[in-house]
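**Student:** Structure file entry_34.cif, mmCIF, C-alpha atoms, is pasted below:
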data_data
#
loop_
_atom_site.label_atom_id
_atom_site.label_comp_id
_atom_site.auth_asym_id
_atom_site.auth_seq_id
_atom_site.Cartn_x
_atom_site.Cartn_y
_atom_site.Cartn_z
CA MET A 1 142.75 28.16 -234.92
CA HIS A 2 139.07 28.54 -234.11
CA LYS A 3 136.78 25.79 -235.20
CA LYS A 4 134.36 26.83 -237.92
CA GLN A 5 130.79 27.09 -236.69
CA THR A 6 128.21 24.78 -238.23
CA LYS A 7 124.85 26.02 -239.50
CA PRO A 8 123.01 24.81 -236.36
CA ASP A 9 125.53 26.67 -234.18
CA LEU A 10 125.05 29.88 -236.15
CA ALA A 11 121.26 29.54 -236.01
CA LEU A 12 121.36 29.09 -232.23
CA ASP A 13 123.64 32.11 -231.83
CA GLN A 14 121.26 34.22 -233.90
CA LEU A 15 118.33 32.99 -231.82
CA THR A 16 120.15 33.92 -228.61
CA ALA A 17 120.80 37.42 -229.93
CA GLN A 18 117.14 37.86 -230.88
CA MET A 19 115.98 36.77 -227.43
CA GLN A 20 118.19 39.41 -225.83
CA SER A 21 116.65 42.19 -227.93
CA GLU A 22 113.93 44.47 -226.58
CA LEU A 23 110.26 43.59 -226.72
CA PRO A 24 108.61 45.10 -229.83
CA GLU A 25 106.61 48.22 -229.03
CA LYS A 26 103.45 46.76 -230.54
CA VAL A 27 103.60 43.74 -228.23
CA ALA A 28 104.29 45.99 -225.23
CA GLN A 29 101.14 47.95 -226.07
CA GLN A 30 99.16 44.72 -226.31
CA LEU A 31 100.39 43.73 -222.86
CA GLU A 32 99.28 47.08 -221.44
CA GLN A 33 95.84 46.56 -222.94
CA ALA A 34 95.75 42.96 -221.71
CA ALA A 35 96.48 44.18 -218.18
CA ASN A 36 93.23 46.14 -218.49
CA LEU A 37 91.49 42.91 -219.57
CA GLU A 38 90.93 44.02 -223.16
CA LYS A 39 89.85 40.83 -224.91
CA TRP A 40 91.22 41.33 -228.43
CA PRO A 41 94.83 42.04 -227.31
CA ILE A 42 94.64 39.04 -224.96
CA ALA A 43 93.52 36.85 -227.87
CA GLN A 44 96.40 38.12 -230.02
CA LEU A 45 98.93 37.41 -227.28
CA ILE A 46 97.54 33.91 -226.76
CA SER A 47 98.09 33.22 -230.45
CA VAL A 48 101.78 34.02 -229.96
CA PHE A 49 101.97 31.41 -227.20
CA GLU A 50 100.01 28.85 -229.22
CA ARG A 51 101.83 28.97 -232.55
CA ASN A 52 105.14 27.17 -232.59
CA THR A 53 107.31 29.34 -234.85
CA THR A 54 110.83 30.64 -234.31
CA GLN A 55 109.62 34.24 -234.05
CA ASN A 56 106.94 33.31 -231.52
CA PHE A 57 109.54 31.36 -229.55
CA VAL A 58 111.56 34.56 -229.23
CA THR A 59 108.51 36.72 -228.50
CA ARG A 60 107.29 34.33 -225.78
CA HIS A 61 110.59 34.72 -223.97
CA GLN A 62 110.50 38.50 -224.37
CA ILE A 63 106.93 38.69 -223.04
CA VAL A 64 107.64 36.51 -220.00
CA SER A 65 110.82 38.46 -219.19
CA TYR A 66 109.01 41.78 -219.65
CA LEU A 67 106.16 40.78 -217.34
CA GLU A 68 108.50 39.42 -214.68
CA LYS A 69 110.48 42.67 -214.63
CA LYS A 70 107.32 44.76 -214.55
CA GLN A 71 105.79 42.68 -211.76
CA SER A 72 109.04 42.50 -209.79
CA GLY A 73 108.27 42.21 -206.09
CA ASN A 74 104.71 41.10 -206.80
CA ASP A 75 104.41 37.37 -206.12
CA LYS A 76 100.79 37.21 -207.24
CA GLN A 77 100.11 34.38 -209.68
CA GLY A 78 96.80 33.36 -211.15
CA MET A 79 95.60 29.98 -209.94
CA VAL A 80 95.06 27.23 -212.51
CA LEU A 81 92.00 25.08 -211.83
CA GLY A 82 91.84 21.92 -213.91
CA ILE A 83 88.39 20.49 -214.57
CA THR A 84 88.21 17.10 -216.22
CA GLY A 85 85.71 14.30 -216.52
CA THR A 86 84.02 11.97 -218.94
CA PRO A 87 82.23 13.43 -221.99
CA GLY A 88 78.63 14.25 -221.15
CA ALA A 89 79.27 14.92 -217.47
CA GLY A 90 78.21 18.54 -217.92
CA LYS A 91 81.61 20.16 -217.45
CA SER A 92 80.96 23.17 -219.69
CA SER A 93 77.58 24.03 -218.18
CA LEU A 94 78.99 23.63 -214.68
CA ILE A 95 81.94 25.89 -215.48
CA GLY A 96 79.58 28.55 -216.81
CA GLU A 97 77.54 28.60 -213.60
CA LEU A 98 80.67 28.42 -211.45
CA CYS A 99 82.24 31.44 -213.15
CA LEU A 100 79.12 33.58 -212.78
CA THR A 101 78.86 32.64 -209.10
CA LEU A 102 82.53 33.42 -208.46
CA LEU A 103 82.18 36.86 -210.02
CA LYS A 104 79.13 37.60 -207.90
CA GLU A 105 81.06 36.72 -204.76
CA ARG A 106 84.25 38.54 -205.83
CA SER A 107 83.47 41.57 -207.98
CA ASP A 108 87.18 42.37 -208.40
CA MET A 109 88.05 38.89 -209.65
CA SER A 110 89.03 38.05 -213.25
CA ILE A 111 88.64 34.60 -214.80
CA ALA A 112 89.93 32.99 -218.00
CA VAL A 113 88.46 29.73 -219.28
CA LEU A 114 90.56 27.57 -221.60
CA ALA A 115 88.39 24.84 -223.12
CA ILE A 116 90.14 22.00 -224.94
CA ASP A 117 88.17 20.27 -227.69
CA PRO A 118 89.13 16.98 -229.37
CA SER A 119 90.77 17.20 -232.79
CA SER A 120 89.62 15.08 -235.69
CA HIS A 121 91.98 12.24 -236.61
CA GLU A 122 91.00 12.79 -240.24
CA SER A 123 91.12 16.56 -240.74
CA GLY A 124 92.97 17.67 -237.60
CA GLY A 125 90.26 20.27 -236.97
CA ALA A 126 88.09 20.69 -233.89
CA LEU A 127 84.44 21.62 -233.42
CA LEU A 128 85.18 23.94 -230.47
CA GLY A 129 81.65 23.19 -229.30
CA ASP A 130 82.14 24.17 -225.67
CA ARG A 131 81.35 27.75 -226.68
CA THR A 132 77.72 26.73 -227.21
CA ARG A 133 77.33 25.45 -223.65
CA THR A 134 78.82 28.36 -221.72
CA ILE A 135 76.89 31.61 -221.84
CA PHE A 136 78.93 34.52 -220.52
CA PRO A 137 78.15 38.26 -220.56
CA VAL A 138 79.88 39.41 -223.74
CA LYS A 139 80.88 42.85 -222.46
CA ASP A 140 82.15 41.69 -219.07
CA LYS A 141 85.93 42.12 -219.15
CA ARG A 142 86.33 39.96 -216.08
CA LEU A 143 85.49 36.84 -218.08
CA PHE A 144 87.56 35.56 -220.98
CA PHE A 145 86.84 32.37 -222.94
CA ARG A 146 89.22 30.62 -225.33
CA SER A 147 88.86 27.31 -227.16
CA GLN A 148 91.80 25.16 -228.15
CA ALA A 149 92.05 22.06 -230.31
CA SER A 150 93.68 19.12 -228.54
CA GLN A 151 95.86 18.45 -231.61
CA GLN A 152 95.36 14.73 -230.88
CA ASP A 153 97.72 15.06 -227.94
CA LEU A 154 97.41 12.49 -225.17
CA GLY A 155 96.72 14.00 -221.78
CA GLY A 156 93.44 15.68 -222.65
CA MET A 157 95.16 18.98 -223.46
CA SER A 158 96.73 20.76 -226.38
CA LYS A 159 100.53 20.77 -226.63
CA GLN A 160 100.47 24.54 -226.26
CA THR A 161 98.14 24.70 -223.26
CA PHE A 162 100.99 25.05 -220.79
CA HIS A 163 102.49 27.93 -222.77
CA VAL A 164 99.15 29.75 -222.75
CA THR A 165 98.72 29.32 -219.00
CA ARG A 166 102.11 30.96 -218.47
CA LEU A 167 100.65 34.10 -220.01
CA LEU A 168 97.21 33.88 -218.42
CA ARG A 169 98.67 33.50 -214.92
CA LYS A 170 100.10 37.00 -215.31
CA ILE A 171 96.77 38.52 -216.37
CA PHE A 172 93.92 36.71 -214.59
CA ASP A 173 93.22 35.72 -211.00
CA LEU A 174 91.81 32.33 -211.94
CA ILE A 175 92.40 30.18 -215.02
CA ILE A 176 90.02 27.28 -215.56
CA ILE A 177 91.13 24.54 -217.93
CA GLU A 178 88.48 22.18 -219.22
CA THR A 179 90.01 19.06 -220.74
CA VAL A 180 88.75 16.79 -223.51
CA GLY A 181 87.91 13.91 -221.21
CA ILE A 182 89.58 11.49 -218.86
CA GLY A 183 91.03 8.03 -219.20
CA GLN A 184 94.20 6.14 -218.53
CA SER A 185 96.25 8.50 -220.70
CA GLU A 186 94.32 11.73 -220.15
CA ILE A 187 95.46 12.83 -216.70
CA GLU A 188 98.05 15.45 -217.63
CA VAL A 189 95.80 18.24 -216.39
CA GLN A 190 97.01 17.28 -212.91
CA LYS A 191 100.57 18.25 -213.90
CA LEU A 192 99.45 21.67 -215.08
CA SER A 193 96.89 22.61 -212.44
CA ASP A 194 97.24 23.92 -208.92
CA HIS A 195 93.98 22.16 -208.07
CA THR A 196 92.16 19.49 -210.07
CA CYS A 197 88.46 18.62 -210.09
CA LEU A 198 86.90 15.51 -211.57
CA VAL A 199 83.33 15.93 -212.80
CA MET A 200 81.24 12.77 -212.91
CA GLN A 201 77.70 11.83 -213.83
CA PRO A 202 75.45 10.13 -211.28
CA LEU A 203 76.07 6.37 -211.09
CA ALA A 204 79.10 6.74 -213.35
CA GLY A 205 80.51 3.29 -212.58
CA ASP A 206 81.53 0.83 -209.91
CA GLN A 207 84.62 0.71 -207.74
CA VAL A 208 86.63 -1.51 -210.07
CA GLN A 209 85.95 0.74 -213.07
CA PHE A 210 87.18 3.78 -211.14
CA MET A 211 90.47 2.10 -210.28
CA LYS A 212 90.93 0.60 -213.75
CA ALA A 213 90.75 4.04 -215.33
CA GLY A 214 93.30 5.45 -212.90
CA ILE A 215 90.77 8.09 -211.88
CA MET A 216 91.54 8.03 -208.16
CA GLU A 217 95.04 9.42 -208.69
CA VAL A 218 93.90 12.50 -210.59
CA PRO A 219 91.59 14.83 -208.65
CA ASP A 220 91.91 16.87 -205.51
CA THR A 221 88.13 17.31 -205.56
CA PHE A 222 85.30 15.14 -206.86
CA ILE A 223 82.14 16.68 -208.32
CA ILE A 224 79.04 14.61 -209.02
CA ASN A 225 77.16 16.79 -211.48
CA LYS A 226 73.63 16.56 -212.89
CA CYS A 227 72.29 15.78 -209.42
CA ASP A 228 68.79 16.91 -210.33
CA GLU A 229 67.15 14.06 -208.38
CA ASP A 230 67.97 13.76 -204.67
CA ASN A 231 67.70 9.96 -204.50
CA LEU A 232 70.01 9.52 -207.46
CA ALA A 233 72.47 11.98 -205.93
CA LYS A 234 72.53 10.08 -202.63
CA LYS A 235 73.14 6.76 -204.38
CA SER A 236 75.97 8.28 -206.42
CA LEU A 237 77.55 9.82 -203.33
CA HIS A 238 77.44 6.49 -201.50
CA LEU A 239 78.97 4.69 -204.49
CA LEU A 240 81.78 7.23 -204.81
CA LYS A 241 82.58 7.14 -201.09
CA SER A 242 82.74 3.36 -201.23
CA SER A 243 85.05 3.55 -204.22
CA LEU A 244 87.33 6.04 -202.48
CA LYS A 245 87.44 3.89 -199.38
CA LEU A 246 88.34 0.83 -201.41
CA ALA A 247 91.01 2.76 -203.31
CA SER A 248 92.48 4.15 -200.11
CA ILE A 249 92.83 0.65 -198.65
CA TYR A 250 94.47 -0.50 -201.87
CA VAL A 251 96.88 2.44 -201.90
CA GLU A 252 97.77 2.01 -198.23
CA ASN A 253 98.68 -1.60 -198.88
CA ALA A 254 100.86 -0.41 -201.75
CA GLY A 255 102.76 1.83 -199.35
CA ASP A 256 101.69 5.16 -200.88
CA LYS A 257 100.32 7.23 -198.00
CA LYS A 258 99.75 10.38 -200.06
CA GLN A 259 96.70 9.00 -201.85
CA ALA A 260 95.09 7.66 -198.69
CA ASN A 261 93.60 11.03 -197.74
CA VAL A 262 90.06 12.29 -197.62
CA LYS A 263 88.81 13.84 -200.85
CA ASP A 264 86.28 16.67 -201.04
CA ILE A 265 83.04 15.71 -202.79
CA PHE A 266 80.40 18.12 -204.11
CA LEU A 267 76.94 17.36 -205.47
CA THR A 268 75.98 19.89 -208.13
CA SER A 269 73.31 20.65 -210.69
CA ALA A 270 73.85 23.40 -213.24
CA ILE A 271 70.14 23.39 -214.10
CA LYS A 272 68.93 23.77 -210.50
CA ARG A 273 72.05 25.69 -209.43
CA LYS A 274 72.48 23.17 -206.66
CA GLY A 275 75.82 23.08 -204.85
CA ILE A 276 77.35 25.80 -207.06
CA THR A 277 77.84 28.31 -204.24
CA GLU A 278 79.52 25.70 -202.04
CA LEU A 279 81.82 24.73 -204.91
CA ALA A 280 82.64 28.39 -205.57
CA ASP A 281 83.58 28.92 -201.91
CA HIS A 282 85.78 25.84 -202.12
CA VAL A 283 87.60 27.22 -205.17
CA LEU A 284 88.04 30.64 -203.54
CA ALA A 285 89.57 29.04 -200.46
CA TYR A 286 92.29 27.51 -202.62
CA ARG A 287 92.60 30.65 -204.74
CA ASP A 288 93.42 32.71 -201.66
CA GLN A 289 96.38 30.48 -200.85
CA ALA A 290 99.75 31.58 -202.18
CA ILE A 291 101.15 29.50 -205.05
CA SER A 292 104.74 28.57 -204.31
CA GLN A 293 107.54 29.25 -206.76
CA GLU A 294 108.68 25.68 -206.20
CA ALA A 295 105.35 24.36 -207.51
CA LEU A 296 105.57 26.57 -210.60
CA GLU A 297 109.13 25.42 -211.31
CA LYS A 298 108.04 21.80 -210.92
CA GLN A 299 105.33 22.32 -213.54
CA GLU A 300 107.76 24.02 -215.91
CA ASN A 301 110.35 21.26 -215.52
CA TYR A 302 107.73 18.62 -216.26
CA PHE A 303 106.81 20.26 -219.57
CA LEU A 304 110.48 20.86 -220.40
CA HIS A 305 111.09 17.12 -220.04
CA LYS A 306 107.99 16.40 -222.10
CA TRP A 307 109.27 18.63 -224.91
CA ILE A 308 112.69 16.92 -224.82
CA LYS A 309 111.07 13.50 -225.05
CA GLN A 310 108.79 14.52 -227.92
CA ALA A 311 111.51 16.33 -229.86
CA TYR A 312 114.51 14.05 -229.26
CA GLY A 313 113.15 10.79 -227.86
CA GLU A 314 115.26 8.54 -225.64
CA PHE A 315 118.43 10.06 -227.06
CA GLY A 316 117.40 13.49 -225.78
CA GLU A 317 116.46 12.11 -222.38
CA GLY A 318 119.86 10.48 -222.11
CA VAL A 319 121.65 13.70 -223.05
CA TYR A 320 119.61 15.64 -220.48
CA GLU A 321 120.50 13.19 -217.72
CA HIS A 322 124.16 13.41 -218.69
CA PHE A 323 124.15 17.22 -218.52
CA ALA A 324 121.63 17.49 -215.67
CA GLN A 325 124.01 19.62 -213.60
CA ASP A 326 124.31 22.29 -216.30
CA LYS A 327 123.07 25.55 -214.72
CA GLY A 328 121.58 26.75 -218.00
CA LEU A 329 119.01 23.95 -217.82
CA HIS A 330 117.71 25.22 -214.49
CA THR A 331 117.77 29.02 -214.78
CA GLY A 332 115.96 31.60 -216.87
CA SER A 333 112.75 31.27 -218.83
CA LEU A 334 111.48 28.02 -220.33
CA GLU A 335 112.64 29.26 -223.74
CA GLU A 336 116.15 29.87 -222.39
CA LYS A 337 116.23 26.35 -220.98
CA GLU A 338 115.06 24.92 -224.30
CA LEU A 339 117.66 26.95 -226.17
CA ARG A 340 120.38 25.81 -223.79
CA PHE A 341 119.38 22.20 -224.37
CA LYS A 342 119.39 22.70 -228.15
CA THR A 343 122.91 24.09 -227.83
CA ILE A 344 124.02 21.11 -225.74
CA ILE A 345 122.51 18.69 -228.26
CA ALA A 346 124.22 20.45 -231.18
CA GLN A 347 127.60 20.42 -229.43
CA PHE A 348 127.15 16.78 -228.43
CA ILE A 349 126.37 15.75 -232.01
CA ASN A 350 129.34 17.76 -233.33
CA GLN A 351 131.63 15.90 -230.94
CA ILE A 352 130.28 12.57 -232.15
CA HIS A 353 130.89 13.54 -235.79
CA ASP A 354 134.41 14.69 -234.98
#
Let me see whether you can do it: turn the structure in this file into structure tokens.
**Tutor:**
Amino acid sequence: MHKKQTKPDLALDQLTAQMQSELPEKVAQQLEQAANLEKWPIAQLISVFERNTTQNFVTRHQIVSYLEKKQSGNDKQGMVLGITGTPGAGKSSLIGELCLTLLKERSDMSIAVLAIDPSSHESGGALLGDRTRTIFPVKDKRLFFRSQASQQDLGGMSKQTFHVTRLLRKIFDLIIIETVGIGQSEIEVQKLSDHTCLVMQPLAGDQVQFMKAGIMEVPDTFIINKCDEDNLAKKSLHLLKSSLKLASIYVENAGDKKQANVKDIFLTSAIKRKGITELADHVLAYRDQAISQEALEKQENYFLHKWIKQAYGEFGEGVYEHFAQDKGLHTGSLEEKELRFKTIIAQFINQIHD
């Protein structure tokens, strides 16, 4: 006699069937328009990846599967550039100048900017004020700007930022993520980005402050912005180099050789357009490098584990470790992996109840 299915089992079966259905024609049309960098369809598709509903869960999987089939044989992936730094460091203004410079140097390039703004602890809303500091040509299809609320999530990013970058990688050549700020808990941009830049103000702090905040572990590149005065810029550069040297000695003594490398440092000024071209060339050099599938899978697995921890806590982490060899947790789209884990959890709980 077959065991009667529980409501969770039936719901998961229905979800599986929906995910295997064809992509709705309307969404397929939006993807075609998005491929031509039409801004309104791109915005609509981003909303699907941002909103955490059952239908959007299904549609996300359908979109990713559709794009992978359509782009079969094309390994091109948009590069994600993470830009973080303390509030007031001039990140938004710098990004605006950087984007315009990149497009001048590469006329065939397309760029999406995803700016994360802090959410209010009272209302949950966000000002989305970065729009006021970046002035882009409105009719230029090559540039797309989107604001997101952080949703009070630690890490300096929204919970849905990773989902959105999965879409944007398929559409744009470069995706720039500007985080809320940086601190001991706001370094998750490193997990999402292919290259991370830390933007600092001149004379931002001493060596001990840098190490206390955990800043040295985050960036691939340091940017000292607002270097309008040469003397101030030189002092800031000397201070940062001293801090990096001190941190490298500390890390070497700790036995971690990876962090004891030389970091790139740029002195920039958005007002005087100082150092912007050099920074743009630096970004392009990394953009032209192929992004490995292994790196993309590593990012996806990180956010899968994060979802498990947030949704199921230590219990979920324990279940995942127990079933770590299950092939369904390592193949298919992120949604398929999540669905497989939900199925495992449901079956595990049913066994406990029996």
**Student:** My list of candidates is A:Ser147, A:Gln62, A:Thr54, A:Ser110. Which is closest to Leu12 in chain A when distances are computed with only C-alpha atoms?
**Tutor:**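 Ranking A:Ser147, A:Gln62, A:Thr54, A:Ser110 by distance to Leu12 in chain A, first place goes to A:Thr54.
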**Student:** List every protein, DNA or RNA residue with an atom no more than 12 Å from (100.4, 38.5, -228.7) in the file's coordinates, counting only C-alpha atoms, and format the result as a VMD selection string.
**Tutor:** chain A and resid 23 to 34 39 to 51 55 to 64 164 167 to 168
**Student:** Please evaluate the PyMOL selection byres ((chain A and resi 226) around 10) against the displayed coordinates and give the resulting residues as an MDAnalysis selection string.
**Tutor:** chainID A and resid 88:91 93:94 199:202 223:225 227:229 232:233 267:274
**Student:** For each of A:Ala115, A:Met19, A:Leu98, A:Ile175, take the minimum atom-to-atom distance to Asp281 in chain A, counting only C-alpha atoms, then give the residue where this is smallest.
**Tutor:** A:Leu98
**Student:** Give me, please, the distance in Å between CA of Asn36 in chain A and CA of His195 in chain A, quoted to one decimal.
**Tutor:** 26.2 Å
**Student:** Which of these residues is nearest to Asp117 in chain A, using all atoms listed in the file: A:Cys99, A:Asp13, A:Phe162, A:Ile177?
**Tutor:**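 Checking each of A:Cys99, A:Asp13, A:Phe162, A:Ile177 against Asp117 in chain A, counting all atoms listed in the file, the winner is A:Ile177.
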**Student:** Once the PyMOL selection byres ((chain A and resi 141) around 8) is applied to the coordinates I shared, what remains selected? I want it as a PDB file with C-alpha atoms, in the coordinates of the input.
**Tutor:**
ATOM      1  CA  LEU A  37      91.490  42.910-219.570  1.00  0.00           C
ATOM      2  CA  GLU A  38      90.930  44.020-223.160  1.00  0.00           C
ATOM      3  CA  LYS A  39      89.850  40.830-224.910  1.00  0.00           C
ATOM      4  CA  SER A 110      89.030  38.050-213.250  1.00  0.00           C
ATOM      5  CA  LYS A 139      80.880  42.850-222.460  1.00  0.00           C
ATOM      6  CA  ASP A 140      82.150  41.690-219.070  1.00  0.00           C
ATOM      7  CA  ARG A 142      86.330  39.960-216.080  1.00  0.00           C
ATOM      8  CA  LEU A 143      85.490  36.840-218.080  1.00  0.00           C
ATOM      9  CA  PHE A 144      87.560  35.560-220.980  1.00  0.00           C
TER      10      PHE A 144
END
**Student:** For Lys235 in chain A, which residue out of A:Leu339, A:Ile345, A:Val80, A:Leu203 is the nearest one, using all atoms listed in the file?
**Tutor:**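 Answer, going by the shortest atom-to-atom distance: A:Leu203.
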**Student:** Point out the residue among A:Leu103, A:Ile116, A:Ile95, A:Asp194 with the least atom-to-atom distance to Glu294 in chain A, counting all atoms listed in the file.
**Tutor:**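 Ranked by minimum distance to Glu294 in chain A, first place goes to A:Asp194.
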**Student:** Might I get the box with edges along x, y and z of the file that holds all atoms of range 21-33 of chain A listed there, padded by 5 Å on every side, given as centre and edge lengths in Å to one decimal, as JSON?
**Tutor:**
{"center_x": 106.2, "center_y": 45.2, "center_z": -226.0, "size_x": 30.8, "size_y": 16.0, "size_z": 19.1}
**Student:** Quote the spacing between CA of Lys309 in chain A and CA of Tyr66 in chain A in Å to one decimal place.
**Tutor:**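 We find that CA of Lys309 in chain A and CA of Tyr66 in chain A lie 28.9 Å from each other.
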**Student:** To one decimal in Å, tell me the separation between CA of Trp307 in chain A and CA of Glu338 in chain A.
**Tutor:** 8.6 Å
**Student:** Quick one: of A:Glu317, A:Asp108, A:Glu22, A:Asp173, who's nearest to Arg287 in chain A, counting all atoms listed in the file?
**Tutor:**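 Looking at the shortest contact to Arg287 in chain A, the residue is A:Asp173.
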**Student:** Could you give me, as a PyMOL selection string, the residues within 7 Å of Phe145 in chain A, counting all atoms listed in the file and dropping anything in the same chain fewer than 5 positions from it?
**Tutor:** chain A and resi 112-114
**Student:** Go through the shown structure with the PyMOL selection byres ((chain A and resi 192) around 10) and write out the matching residues as a PDB file with C-alpha atoms, in the frame of the given file.
**Tutor:**
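Output contents, as saved in part-v5.pdb:
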ATOM      1  CA  VAL A  80      95.060  27.230-212.510  1.00  0.00           C
ATOM      2  CA  LEU A  81      92.000  25.080-211.830  1.00  0.00           C
ATOM      3  CA  GLY A  82      91.840  21.920-213.910  1.00  0.00           C
ATOM      4  CA  MET A 157      95.160  18.980-223.460  1.00  0.00           C
ATOM      5  CA  THR A 161      98.140  24.700-223.260  1.00  0.00           C
ATOM      6  CA  PHE A 162     100.990  25.050-220.790  1.00  0.00           C
ATOM      7  CA  THR A 165      98.720  29.320-219.000  1.00  0.00           C
ATOM      8  CA  ILE A 177      91.130  24.540-217.930  1.00  0.00           C
ATOM      9  CA  ILE A 187      95.460  12.830-216.700  1.00  0.00           C
ATOM     10  CA  GLU A 188      98.050  15.450-217.630  1.00  0.00           C
ATOM     11  CA  VAL A 189      95.800  18.240-216.390  1.00  0.00           C
ATOM     12  CA  GLN A 190      97.010  17.280-212.910  1.00  0.00           C
ATOM     13  CA  LYS A 191     100.570  18.250-213.900  1.00  0.00           C
ATOM     14  CA  SER A 193      96.890  22.610-212.440  1.00  0.00           C
ATOM     15  CA  ASP A 194      97.240  23.920-208.920  1.00  0.00           C
ATOM     16  CA  HIS A 195      93.980  22.160-208.070  1.00  0.00           C
ATOM     17  CA  THR A 196      92.160  19.490-210.070  1.00  0.00           C
ATOM     18  CA  ALA A 295     105.350  24.360-207.510  1.00  0.00           C
ATOM     19  CA  LEU A 296     105.570  26.570-210.600  1.00  0.00           C
ATOM     20  CA  LYS A 298     108.040  21.800-210.920  1.00  0.00           C
ATOM     21  CA  GLN A 299     105.330  22.320-213.540  1.00  0.00           C
ATOM     22  CA  GLU A 300     107.760  24.020-215.910  1.00  0.00           C
ATOM     23  CA  TYR A 302     107.730  18.620-216.260  1.00  0.00           C
ATOM     24  CA  PHE A 303     106.810  20.260-219.570  1.00  0.00           C
TER      25      PHE A 303
END
